[in-house]
file target-v6.txt (compact mmCIF, N, CA and C atoms)
# COMPACT_ATOMS: atom_id res chain seq x y z
N GLN A 1 14.16 22.95 -14.17
CA GLN A 1 13.88 21.83 -15.07
C GLN A 1 14.15 20.52 -14.36
N VAL A 2 13.19 19.64 -14.41
CA VAL A 2 13.33 18.34 -13.78
C VAL A 2 13.79 17.32 -14.82
N GLN A 3 14.85 16.61 -14.51
CA GLN A 3 15.33 15.56 -15.40
C GLN A 3 15.02 14.20 -14.82
N LEU A 4 14.43 13.35 -15.64
CA LEU A 4 14.07 12.00 -15.24
C LEU A 4 14.78 11.02 -16.16
N VAL A 5 15.41 10.02 -15.58
CA VAL A 5 16.16 9.04 -16.37
C VAL A 5 15.72 7.64 -15.96
N GLU A 6 15.10 6.94 -16.92
CA GLU A 6 14.67 5.58 -16.66
C GLU A 6 15.78 4.58 -16.99
N SER A 7 15.73 3.44 -16.33
CA SER A 7 16.66 2.36 -16.61
C SER A 7 16.01 1.04 -16.23
N GLY A 8 16.61 -0.06 -16.70
CA GLY A 8 16.14 -1.38 -16.29
C GLY A 8 15.36 -2.14 -17.33
N GLY A 9 15.07 -1.52 -18.46
CA GLY A 9 14.34 -2.23 -19.50
C GLY A 9 15.19 -3.31 -20.14
N GLY A 10 14.53 -4.13 -20.95
CA GLY A 10 15.25 -5.19 -21.64
C GLY A 10 14.32 -6.17 -22.30
N LEU A 11 14.91 -7.27 -22.78
CA LEU A 11 14.17 -8.34 -23.45
C LEU A 11 14.07 -9.52 -22.49
N VAL A 12 12.85 -9.92 -22.20
CA VAL A 12 12.61 -11.05 -21.30
C VAL A 12 11.56 -11.97 -21.90
N GLN A 13 11.40 -13.13 -21.28
CA GLN A 13 10.37 -14.07 -21.72
C GLN A 13 9.11 -13.91 -20.88
N ALA A 14 8.02 -14.35 -21.43
CA ALA A 14 6.76 -14.30 -20.70
C ALA A 14 6.92 -15.03 -19.37
N GLY A 15 6.40 -14.41 -18.31
CA GLY A 15 6.50 -14.98 -16.97
C GLY A 15 7.68 -14.47 -16.17
N ASP A 16 8.61 -13.82 -16.83
CA ASP A 16 9.79 -13.27 -16.15
C ASP A 16 9.43 -11.97 -15.42
N SER A 17 10.42 -11.46 -14.71
CA SER A 17 10.27 -10.21 -13.98
C SER A 17 11.33 -9.20 -14.42
N LEU A 18 10.99 -7.93 -14.27
CA LEU A 18 11.93 -6.84 -14.51
C LEU A 18 11.66 -5.75 -13.48
N ARG A 19 12.69 -5.00 -13.17
CA ARG A 19 12.52 -3.85 -12.27
C ARG A 19 13.04 -2.61 -12.97
N LEU A 20 12.14 -1.66 -13.18
CA LEU A 20 12.50 -0.39 -13.78
C LEU A 20 12.78 0.63 -12.68
N SER A 21 13.70 1.53 -12.97
CA SER A 21 14.00 2.60 -12.04
C SER A 21 13.98 3.93 -12.76
N CYS A 22 13.61 4.97 -12.03
CA CYS A 22 13.60 6.33 -12.56
C CYS A 22 14.37 7.18 -11.56
N ALA A 23 15.42 7.79 -12.04
CA ALA A 23 16.24 8.63 -11.18
C ALA A 23 16.07 10.09 -11.55
N THR A 24 16.09 10.94 -10.54
CA THR A 24 16.00 12.36 -10.79
C THR A 24 16.98 13.10 -9.89
N SER A 25 17.47 14.19 -10.41
CA SER A 25 18.39 14.99 -9.62
C SER A 25 17.66 16.03 -8.79
N GLN A 26 16.34 16.02 -8.93
CA GLN A 26 15.54 17.01 -8.23
C GLN A 26 15.64 16.82 -6.73
N ARG A 27 16.09 17.85 -6.01
CA ARG A 27 16.28 17.74 -4.56
C ARG A 27 14.96 17.59 -3.83
N THR A 28 13.91 18.22 -4.37
CA THR A 28 12.61 18.18 -3.69
C THR A 28 11.73 17.10 -4.32
N PHE A 29 12.31 15.93 -4.53
CA PHE A 29 11.60 14.80 -5.14
C PHE A 29 10.30 14.50 -4.42
N SER A 30 10.28 14.65 -3.12
CA SER A 30 9.08 14.33 -2.35
C SER A 30 7.95 15.31 -2.63
N ASN A 31 8.21 16.41 -3.28
CA ASN A 31 7.19 17.40 -3.62
C ASN A 31 6.57 17.18 -4.99
N TYR A 32 6.82 15.99 -5.55
CA TYR A 32 6.30 15.69 -6.87
C TYR A 32 5.41 14.45 -6.83
N ALA A 33 4.31 14.51 -7.56
CA ALA A 33 3.52 13.31 -7.83
C ALA A 33 4.22 12.56 -8.96
N MET A 34 4.30 11.23 -8.83
CA MET A 34 5.07 10.43 -9.78
C MET A 34 4.21 9.31 -10.36
N ALA A 35 4.56 8.91 -11.57
CA ALA A 35 3.80 7.84 -12.22
C ALA A 35 4.63 7.17 -13.29
N TRP A 36 4.15 6.00 -13.69
CA TRP A 36 4.69 5.28 -14.84
C TRP A 36 3.60 5.17 -15.89
N PHE A 37 3.99 5.40 -17.12
CA PHE A 37 3.13 5.18 -18.27
C PHE A 37 3.88 4.29 -19.25
N ARG A 38 3.17 3.77 -20.23
CA ARG A 38 3.82 3.00 -21.27
C ARG A 38 3.13 3.26 -22.60
N GLN A 39 3.88 3.04 -23.66
CA GLN A 39 3.32 3.23 -24.99
C GLN A 39 3.85 2.16 -25.93
N ALA A 40 2.93 1.39 -26.47
CA ALA A 40 3.27 0.37 -27.44
C ALA A 40 3.15 0.96 -28.84
N PRO A 41 3.81 0.38 -29.82
CA PRO A 41 3.75 0.91 -31.19
C PRO A 41 2.31 0.99 -31.70
N GLY A 42 1.95 2.15 -32.22
CA GLY A 42 0.62 2.33 -32.78
C GLY A 42 -0.49 2.53 -31.78
N LYS A 43 -0.13 2.61 -30.50
CA LYS A 43 -1.14 2.77 -29.46
C LYS A 43 -0.91 4.06 -28.68
N GLU A 44 -1.94 4.49 -27.97
CA GLU A 44 -1.84 5.67 -27.15
C GLU A 44 -1.06 5.36 -25.87
N ARG A 45 -0.53 6.41 -25.27
CA ARG A 45 0.18 6.24 -24.01
C ARG A 45 -0.81 5.76 -22.94
N GLU A 46 -0.42 4.76 -22.20
CA GLU A 46 -1.30 4.09 -21.24
C GLU A 46 -0.80 4.27 -19.82
N PHE A 47 -1.71 4.56 -18.91
CA PHE A 47 -1.37 4.66 -17.50
C PHE A 47 -1.01 3.28 -16.95
N VAL A 48 0.09 3.22 -16.22
CA VAL A 48 0.53 1.97 -15.60
C VAL A 48 0.36 2.02 -14.08
N ALA A 49 0.96 3.02 -13.45
CA ALA A 49 0.90 3.10 -12.00
C ALA A 49 1.28 4.50 -11.54
N ALA A 50 0.77 4.87 -10.36
CA ALA A 50 1.08 6.17 -9.77
C ALA A 50 1.23 6.00 -8.27
N ILE A 51 1.92 6.93 -7.66
CA ILE A 51 2.14 6.85 -6.22
C ILE A 51 2.13 8.25 -5.63
N ARG A 52 1.52 8.35 -4.46
CA ARG A 52 1.49 9.64 -3.78
C ARG A 52 2.88 9.99 -3.28
N TRP A 53 3.10 11.26 -3.03
CA TRP A 53 4.41 11.75 -2.64
C TRP A 53 4.93 11.10 -1.37
N SER A 54 4.02 10.69 -0.49
CA SER A 54 4.44 10.04 0.75
C SER A 54 4.66 8.55 0.56
N GLY A 55 4.23 8.01 -0.59
CA GLY A 55 4.35 6.59 -0.85
C GLY A 55 3.28 5.77 -0.18
N GLY A 56 2.33 6.41 0.48
CA GLY A 56 1.32 5.68 1.21
C GLY A 56 0.21 5.12 0.35
N SER A 57 -0.08 5.75 -0.78
CA SER A 57 -1.16 5.29 -1.64
C SER A 57 -0.62 5.03 -3.03
N THR A 58 -1.04 3.92 -3.60
CA THR A 58 -0.63 3.56 -4.95
C THR A 58 -1.85 3.27 -5.81
N TYR A 59 -1.68 3.45 -7.11
CA TYR A 59 -2.77 3.26 -8.05
C TYR A 59 -2.22 2.53 -9.27
N TYR A 60 -3.05 1.65 -9.84
CA TYR A 60 -2.59 0.83 -10.95
C TYR A 60 -3.62 0.76 -12.07
N GLY A 61 -3.11 0.64 -13.28
CA GLY A 61 -3.98 0.37 -14.40
C GLY A 61 -4.52 -1.05 -14.30
N ASP A 62 -5.69 -1.28 -14.84
CA ASP A 62 -6.34 -2.59 -14.71
C ASP A 62 -5.48 -3.70 -15.32
N SER A 63 -4.75 -3.40 -16.36
CA SER A 63 -4.00 -4.45 -17.05
C SER A 63 -2.76 -4.91 -16.28
N VAL A 64 -2.34 -4.15 -15.28
CA VAL A 64 -1.13 -4.52 -14.54
C VAL A 64 -1.42 -4.80 -13.07
N LYS A 65 -2.63 -4.56 -12.64
CA LYS A 65 -2.97 -4.72 -11.24
C LYS A 65 -2.70 -6.15 -10.78
N GLY A 66 -2.01 -6.27 -9.65
CA GLY A 66 -1.68 -7.58 -9.11
C GLY A 66 -0.35 -8.13 -9.61
N ARG A 67 0.22 -7.51 -10.64
CA ARG A 67 1.49 -7.99 -11.20
C ARG A 67 2.61 -6.97 -11.02
N PHE A 68 2.26 -5.69 -11.07
CA PHE A 68 3.26 -4.63 -10.98
C PHE A 68 3.15 -3.94 -9.61
N THR A 69 4.29 -3.45 -9.13
CA THR A 69 4.32 -2.70 -7.87
C THR A 69 5.16 -1.45 -8.05
N ILE A 70 4.57 -0.30 -7.74
CA ILE A 70 5.28 0.96 -7.81
C ILE A 70 5.76 1.35 -6.41
N SER A 71 6.95 1.92 -6.35
CA SER A 71 7.47 2.36 -5.06
C SER A 71 8.38 3.57 -5.29
N ARG A 72 8.61 4.32 -4.24
CA ARG A 72 9.48 5.48 -4.34
C ARG A 72 10.34 5.58 -3.10
N ASP A 73 11.52 6.11 -3.27
CA ASP A 73 12.42 6.37 -2.16
C ASP A 73 12.77 7.85 -2.22
N ASN A 74 12.12 8.63 -1.39
CA ASN A 74 12.32 10.07 -1.43
C ASN A 74 13.72 10.48 -0.96
N ALA A 75 14.35 9.63 -0.18
CA ALA A 75 15.70 9.93 0.28
C ALA A 75 16.72 9.75 -0.85
N LYS A 76 16.44 8.79 -1.73
CA LYS A 76 17.35 8.51 -2.85
C LYS A 76 16.88 9.13 -4.15
N ASN A 77 15.71 9.77 -4.11
CA ASN A 77 15.16 10.41 -5.31
C ASN A 77 14.96 9.40 -6.44
N THR A 78 14.41 8.25 -6.12
CA THR A 78 14.18 7.24 -7.13
C THR A 78 12.74 6.74 -7.10
N LEU A 79 12.27 6.36 -8.26
CA LEU A 79 10.95 5.76 -8.44
C LEU A 79 11.16 4.43 -9.12
N ASP A 80 10.59 3.37 -8.59
CA ASP A 80 10.76 2.04 -9.15
C ASP A 80 9.44 1.43 -9.59
N LEU A 81 9.56 0.48 -10.50
CA LEU A 81 8.40 -0.30 -10.94
C LEU A 81 8.84 -1.75 -11.03
N GLN A 82 8.37 -2.56 -10.10
CA GLN A 82 8.63 -3.99 -10.12
C GLN A 82 7.57 -4.66 -10.96
N MET A 83 7.99 -5.35 -11.99
CA MET A 83 7.06 -5.98 -12.93
C MET A 83 7.24 -7.49 -12.88
N ASN A 84 6.23 -8.18 -12.44
CA ASN A 84 6.25 -9.64 -12.35
C ASN A 84 5.26 -10.25 -13.33
N SER A 85 5.46 -11.52 -13.60
CA SER A 85 4.55 -12.26 -14.49
C SER A 85 4.31 -11.51 -15.78
N LEU A 86 5.38 -11.10 -16.39
CA LEU A 86 5.26 -10.29 -17.60
C LEU A 86 4.63 -11.06 -18.74
N LYS A 87 3.87 -10.33 -19.54
CA LYS A 87 3.15 -10.89 -20.68
C LYS A 87 3.62 -10.19 -21.95
N PRO A 88 3.46 -10.83 -23.10
CA PRO A 88 3.84 -10.16 -24.35
C PRO A 88 3.14 -8.82 -24.54
N GLU A 89 1.92 -8.70 -24.04
CA GLU A 89 1.19 -7.44 -24.19
C GLU A 89 1.74 -6.33 -23.29
N ASP A 90 2.69 -6.64 -22.45
CA ASP A 90 3.37 -5.62 -21.66
C ASP A 90 4.48 -4.94 -22.45
N THR A 91 4.77 -5.44 -23.63
CA THR A 91 5.81 -4.87 -24.47
C THR A 91 5.47 -3.43 -24.82
N ALA A 92 6.38 -2.52 -24.50
CA ALA A 92 6.15 -1.09 -24.72
C ALA A 92 7.39 -0.32 -24.28
N VAL A 93 7.38 0.95 -24.60
CA VAL A 93 8.34 1.87 -23.99
C VAL A 93 7.71 2.40 -22.72
N TYR A 94 8.44 2.29 -21.63
CA TYR A 94 7.94 2.72 -20.32
C TYR A 94 8.55 4.07 -19.95
N TYR A 95 7.66 4.98 -19.52
CA TYR A 95 8.07 6.33 -19.20
C TYR A 95 7.78 6.66 -17.73
N CYS A 96 8.70 7.36 -17.15
CA CYS A 96 8.53 7.93 -15.82
C CYS A 96 8.00 9.36 -15.99
N ALA A 97 7.06 9.77 -15.14
CA ALA A 97 6.47 11.10 -15.25
C ALA A 97 6.39 11.75 -13.88
N ALA A 98 6.47 13.08 -13.88
CA ALA A 98 6.43 13.82 -12.62
C ALA A 98 5.69 15.14 -12.79
N GLU A 99 5.04 15.55 -11.71
CA GLU A 99 4.34 16.82 -11.68
C GLU A 99 4.49 17.44 -10.31
N PRO A 100 4.87 18.72 -10.24
CA PRO A 100 4.98 19.38 -8.93
C PRO A 100 3.64 19.37 -8.20
N LEU A 101 3.66 19.12 -6.94
CA LEU A 101 2.42 19.06 -6.17
C LEU A 101 1.66 20.38 -6.19
N THR A 102 2.37 21.48 -6.39
CA THR A 102 1.71 22.77 -6.44
C THR A 102 0.77 22.88 -7.63
N ASN A 103 1.01 22.08 -8.68
CA ASN A 103 0.17 22.11 -9.87
C ASN A 103 -0.70 20.86 -10.01
N TYR A 104 -0.49 19.91 -9.16
CA TYR A 104 -1.13 18.60 -9.29
C TYR A 104 -2.63 18.67 -9.03
N ARG A 105 -3.42 18.12 -9.95
CA ARG A 105 -4.88 18.19 -9.82
C ARG A 105 -5.48 16.86 -9.38
N GLY A 106 -4.65 15.83 -9.29
CA GLY A 106 -5.16 14.56 -8.78
C GLY A 106 -5.56 13.55 -9.84
N SER A 107 -5.48 13.91 -11.11
CA SER A 107 -5.86 12.97 -12.18
C SER A 107 -4.67 12.08 -12.52
N PHE A 108 -4.32 11.22 -11.61
CA PHE A 108 -3.09 10.45 -11.71
C PHE A 108 -3.05 9.56 -12.95
N TRP A 109 -4.21 9.21 -13.51
CA TRP A 109 -4.28 8.30 -14.63
C TRP A 109 -4.07 8.99 -15.97
N SER A 110 -4.07 10.30 -15.96
CA SER A 110 -4.01 11.06 -17.20
C SER A 110 -2.58 11.53 -17.49
N SER A 111 -2.12 11.27 -18.71
CA SER A 111 -0.79 11.74 -19.10
C SER A 111 -0.72 13.26 -19.12
N HIS A 112 -1.84 13.92 -19.28
CA HIS A 112 -1.88 15.38 -19.32
C HIS A 112 -1.59 15.99 -17.96
N GLU A 113 -1.67 15.16 -16.92
CA GLU A 113 -1.44 15.65 -15.56
C GLU A 113 0.02 15.96 -15.31
N TYR A 114 0.92 15.35 -16.07
CA TYR A 114 2.33 15.37 -15.76
C TYR A 114 3.11 16.23 -16.76
N ARG A 115 3.91 17.11 -16.23
CA ARG A 115 4.69 18.02 -17.06
C ARG A 115 6.04 17.45 -17.48
N TYR A 116 6.63 16.65 -16.61
CA TYR A 116 7.99 16.19 -16.86
C TYR A 116 8.00 14.71 -17.17
N TRP A 117 8.79 14.36 -18.19
CA TRP A 117 8.85 12.98 -18.66
C TRP A 117 10.30 12.57 -18.89
N GLY A 118 10.57 11.30 -18.66
CA GLY A 118 11.85 10.74 -19.02
C GLY A 118 11.87 10.37 -20.49
N GLN A 119 13.00 9.84 -20.93
CA GLN A 119 13.17 9.49 -22.34
C GLN A 119 12.60 8.11 -22.66
N GLY A 120 12.29 7.35 -21.64
CA GLY A 120 11.68 6.04 -21.82
C GLY A 120 12.70 4.91 -21.86
N THR A 121 12.24 3.73 -21.47
CA THR A 121 13.07 2.53 -21.54
C THR A 121 12.24 1.41 -22.15
N GLN A 122 12.83 0.68 -23.08
CA GLN A 122 12.09 -0.34 -23.83
C GLN A 122 12.00 -1.62 -23.02
N VAL A 123 10.80 -2.15 -22.95
CA VAL A 123 10.56 -3.47 -22.36
C VAL A 123 9.94 -4.34 -23.44
N THR A 124 10.57 -5.46 -23.71
CA THR A 124 10.07 -6.40 -24.72
C THR A 124 9.90 -7.76 -24.08
N VAL A 125 8.70 -8.30 -24.18
CA VAL A 125 8.39 -9.60 -23.59
C VAL A 125 8.07 -10.58 -24.72
N SER A 126 8.86 -11.61 -24.83
CA SER A 126 8.63 -12.59 -25.88
C SER A 126 7.77 -13.73 -25.35
N SER A 127 7.01 -14.32 -26.25
CA SER A 127 6.10 -15.41 -25.85
C SER A 127 6.79 -16.77 -25.86

call {"tool": "encode", "arguments": {"input": "target-v6.txt", "output": "structure tokens"}}
result
Amino acid sequence: QVQLVESGGGLVQAGDSLRLSCATSQRTFSNYAMAWFRQAPGKEREFVAAIRWSGGSTYYGDSVKGRFTISRDNAKNTLDLQMNSLKPEDTAVYYCAAEPLTNYRGSFWSSHEYRYWGQGTQVTVSS
């Protein structure tokens, strides 16, 4: 069982920055595809960003492209999301997700791709 624990959420003003982190105790962290999703009240879970196991390729949702940066440290077993120029529409619960590479089909944008999820961290951006 893979445990994912997000941290770093909070209440900020529009234009501010936040850095989210996802920690896992999984020793073979580098063998997992990782991603961030978010879900606002009354809306479906939305793809935010994904990163390949080597950290060489990153992918972003259109609404965050150019503002958010995903990164991973396989030595520390952590996944981060640097969020800059935050907007009120970024308000949501942010989730870290993971899928073993042995099962990974490459649909990084789909929440159905990922088996393991964290409990989420709330990000609220005021105008």

call {"tool": "atom_distance", "arguments": {"input": "target-v6.txt", "atom1": "atom N of Ser17 (chain A)", "atom2": "CA of Gln3 (chain A)"}}
result
27.5 Å

call {"tool": "closest_residue", "arguments": {"input": "target-v6.txt", "among": "A:Tyr60, A:Phe68, A:Tyr32, A:Tyr104", "to": "Glu46 (chain A)", "atoms": "only C-alpha atoms"}}
result
A:Tyr60

call {"tool": "residues_near_point", "arguments": {"input": "target-v6.txt", "point": "(0.9, 1.7, -19.7)", "cutoff": "6 Å", "atoms": "only N, CA and C atoms", "output": "list in words"}}
result
Trp36, Phe37, Arg38, Gln39, Arg45, Glu46, Phe47 and Val48 of chain A

call {"tool": "closest_residue", "arguments": {"input": "target-v6.txt", "among": "A:Ser57, A:Glu113, A:Thr91, A:Ser107", "to": "Gly9 (chain A)", "atoms": "only C-alpha atoms"}}
result
A:Thr91

call {"tool": "closest_residue", "arguments": {"input": "target-v6.txt", "among": "A:Gly56, A:Gly15, A:Pro100, A:Gly10", "to": "Thr124 (chain A)", "atoms": "only C-alpha atoms"}}
result
A:Gly10

call {"tool": "residues_around", "arguments": {"input": "target-v6.txt", "residues": "Trp53 (chain A)", "least_positions_apart": "4", "cutoff": "7 Å", "atoms": "all atoms listed in the file", "output": "tab-separated table (two decimals) with N, CA and C atoms, in the frame of the given file"}}
result
chain	number	residue	atom	x	y	z
A	29	PHE	N	12.31	15.93	-4.53
A	29	PHE	CA	11.60	14.80	-5.14
A	29	PHE	C	10.30	14.50	-4.42
A	30	SER	N	10.28	14.65	-3.12
A	30	SER	CA	9.08	14.33	-2.35
A	30	SER	C	7.95	15.31	-2.63
A	31	ASN	N	8.21	16.41	-3.28
A	31	ASN	CA	7.19	17.40	-3.62
A	31	ASN	C	6.57	17.18	-4.99
A	32	TYR	N	6.82	15.99	-5.55
A	32	TYR	CA	6.30	15.69	-6.87
A	32	TYR	C	5.41	14.45	-6.83
A	33	ALA	N	4.31	14.51	-7.56
A	33	ALA	CA	3.52	13.31	-7.83
A	33	ALA	C	4.22	12.56	-8.96
A	34	MET	N	4.30	11.23	-8.83
A	34	MET	CA	5.07	10.43	-9.78
A	34	MET	C	4.21	9.31	-10.36
A	57	SER	N	-0.08	5.75	-0.78
A	57	SER	CA	-1.16	5.29	-1.64
A	57	SER	C	-0.62	5.03	-3.03

call {"tool": "closest_residue", "arguments": {"input": "target-v6.txt", "among": "A:Ser127, A:Thr121, A:Ser21, A:Thr28", "to": "Ala92 (chain A)", "atoms": "all atoms listed in the file"}}
result
A:Thr121

call {"tool": "closest_residue", "arguments": {"input": "target-v6.txt", "among": "A:Arg105, A:Trp117, A:Leu86, A:Tyr94", "to": "Val12 (chain A)", "atoms": "only N, CA and C atoms"}}
result
A:Leu86

call {"tool": "select_by_dssp", "arguments": {"input": "target-v6.txt", "residues": "chain A", "states": "strand (DSSP E)", "output": "ChimeraX atom specification"}}
result
/A:4-7,10-13,18-24,32-39,46-51,58-60,68-73,78-83,92-100,116-117,121-126

call {"tool": "build_atoms", "arguments": {"input": "target-v6.txt", "residues": "region 102-112 of chain A", "atoms": "all heavy atoms", "output": "short mmCIF file (atom, residue, chain, number, x, y, z; two decimals), in the frame of the given file"}}
result
data_model
loop_
_atom_site.label_atom_id
_atom_site.label_comp_id
_atom_site.auth_asym_id
_atom_site.auth_seq_id
_atom_site.Cartn_x
_atom_site.Cartn_y
_atom_site.Cartn_z
N THR A 102 2.37 21.48 -6.39
CA THR A 102 1.71 22.77 -6.44
C THR A 102 0.77 22.88 -7.63
O THR A 102 -0.18 23.67 -7.60
CB THR A 102 2.75 23.90 -6.52
OG1 THR A 102 3.65 23.60 -7.59
CG2 THR A 102 3.53 24.01 -5.22
N ASN A 103 1.01 22.08 -8.68
CA ASN A 103 0.17 22.11 -9.87
C ASN A 103 -0.70 20.86 -10.01
O ASN A 103 -1.54 20.79 -10.91
CB ASN A 103 1.03 22.24 -11.13
CG ASN A 103 1.84 23.52 -11.14
OD1 ASN A 103 1.42 24.53 -10.58
ND2 ASN A 103 3.00 23.48 -11.76
N TYR A 104 -0.49 19.91 -9.16
CA TYR A 104 -1.13 18.60 -9.29
C TYR A 104 -2.63 18.67 -9.03
O TYR A 104 -3.06 19.21 -8.02
CB TYR A 104 -0.46 17.63 -8.33
CG TYR A 104 -0.91 16.19 -8.44
CD1 TYR A 104 -0.77 15.49 -9.62
CD2 TYR A 104 -1.44 15.53 -7.34
CE1 TYR A 104 -1.16 14.16 -9.71
CE2 TYR A 104 -1.82 14.21 -7.41
CZ TYR A 104 -1.68 13.53 -8.60
OH TYR A 104 -2.04 12.21 -8.69
N ARG A 105 -3.42 18.12 -9.95
CA ARG A 105 -4.88 18.19 -9.82
C ARG A 105 -5.48 16.86 -9.38
O ARG A 105 -6.69 16.76 -9.18
CB ARG A 105 -5.49 18.63 -11.15
CG ARG A 105 -5.10 20.03 -11.57
CD ARG A 105 -5.36 20.25 -13.04
NE ARG A 105 -4.53 19.39 -13.86
CZ ARG A 105 -4.59 19.37 -15.19
NH1 ARG A 105 -5.46 20.12 -15.83
NH2 ARG A 105 -3.78 18.58 -15.88
N GLY A 106 -4.65 15.83 -9.29
CA GLY A 106 -5.16 14.56 -8.78
C GLY A 106 -5.56 13.55 -9.84
O GLY A 106 -5.94 12.42 -9.51
N SER A 107 -5.48 13.91 -11.11
CA SER A 107 -5.86 12.97 -12.18
C SER A 107 -4.67 12.08 -12.52
O SER A 107 -4.10 12.17 -13.61
CB SER A 107 -6.35 13.75 -13.40
OG SER A 107 -7.42 14.59 -13.07
N PHE A 108 -4.32 11.22 -11.61
CA PHE A 108 -3.09 10.45 -11.71
C PHE A 108 -3.05 9.56 -12.95
O PHE A 108 -1.99 9.18 -13.41
CB PHE A 108 -2.87 9.61 -10.47
CG PHE A 108 -4.01 8.67 -10.16
CD1 PHE A 108 -4.11 7.43 -10.78
CD2 PHE A 108 -4.99 9.01 -9.25
CE1 PHE A 108 -5.16 6.56 -10.51
CE2 PHE A 108 -6.05 8.17 -8.96
CZ PHE A 108 -6.12 6.94 -9.59
N TRP A 109 -4.21 9.21 -13.51
CA TRP A 109 -4.28 8.30 -14.63
C TRP A 109 -4.07 8.99 -15.97
O TRP A 109 -3.94 8.33 -17.00
CB TRP A 109 -5.65 7.61 -14.65
CG TRP A 109 -6.76 8.61 -14.78
CD1 TRP A 109 -7.30 9.12 -15.93
CD2 TRP A 109 -7.42 9.29 -13.71
NE1 TRP A 109 -8.25 10.06 -15.64
CE2 TRP A 109 -8.36 10.18 -14.28
CE3 TRP A 109 -7.31 9.24 -12.32
CZ2 TRP A 109 -9.17 10.99 -13.51
CZ3 TRP A 109 -8.14 10.04 -11.56
CH2 TRP A 109 -9.05 10.91 -12.16
N SER A 110 -4.07 10.30 -15.96
CA SER A 110 -4.01 11.06 -17.20
C SER A 110 -2.58 11.53 -17.49
O SER A 110 -1.94 12.15 -16.65
CB SER A 110 -4.92 12.28 -17.11
OG SER A 110 -4.73 13.11 -18.25
N SER A 111 -2.12 11.27 -18.71
CA SER A 111 -0.79 11.74 -19.10
C SER A 111 -0.72 13.26 -19.12
O SER A 111 0.35 13.84 -18.96
CB SER A 111 -0.41 11.17 -20.47
OG SER A 111 -1.30 11.61 -21.46
N HIS A 112 -1.84 13.92 -19.28
CA HIS A 112 -1.88 15.38 -19.32
C HIS A 112 -1.59 15.99 -17.96
O HIS A 112 -1.32 17.18 -17.85
CB HIS A 112 -3.22 15.86 -19.84
CG HIS A 112 -3.53 15.39 -21.22
ND1 HIS A 112 -2.85 15.82 -22.33
CD2 HIS A 112 -4.44 14.48 -21.68
CE1 HIS A 112 -3.33 15.23 -23.42
NE2 HIS A 112 -4.29 14.40 -23.04
#
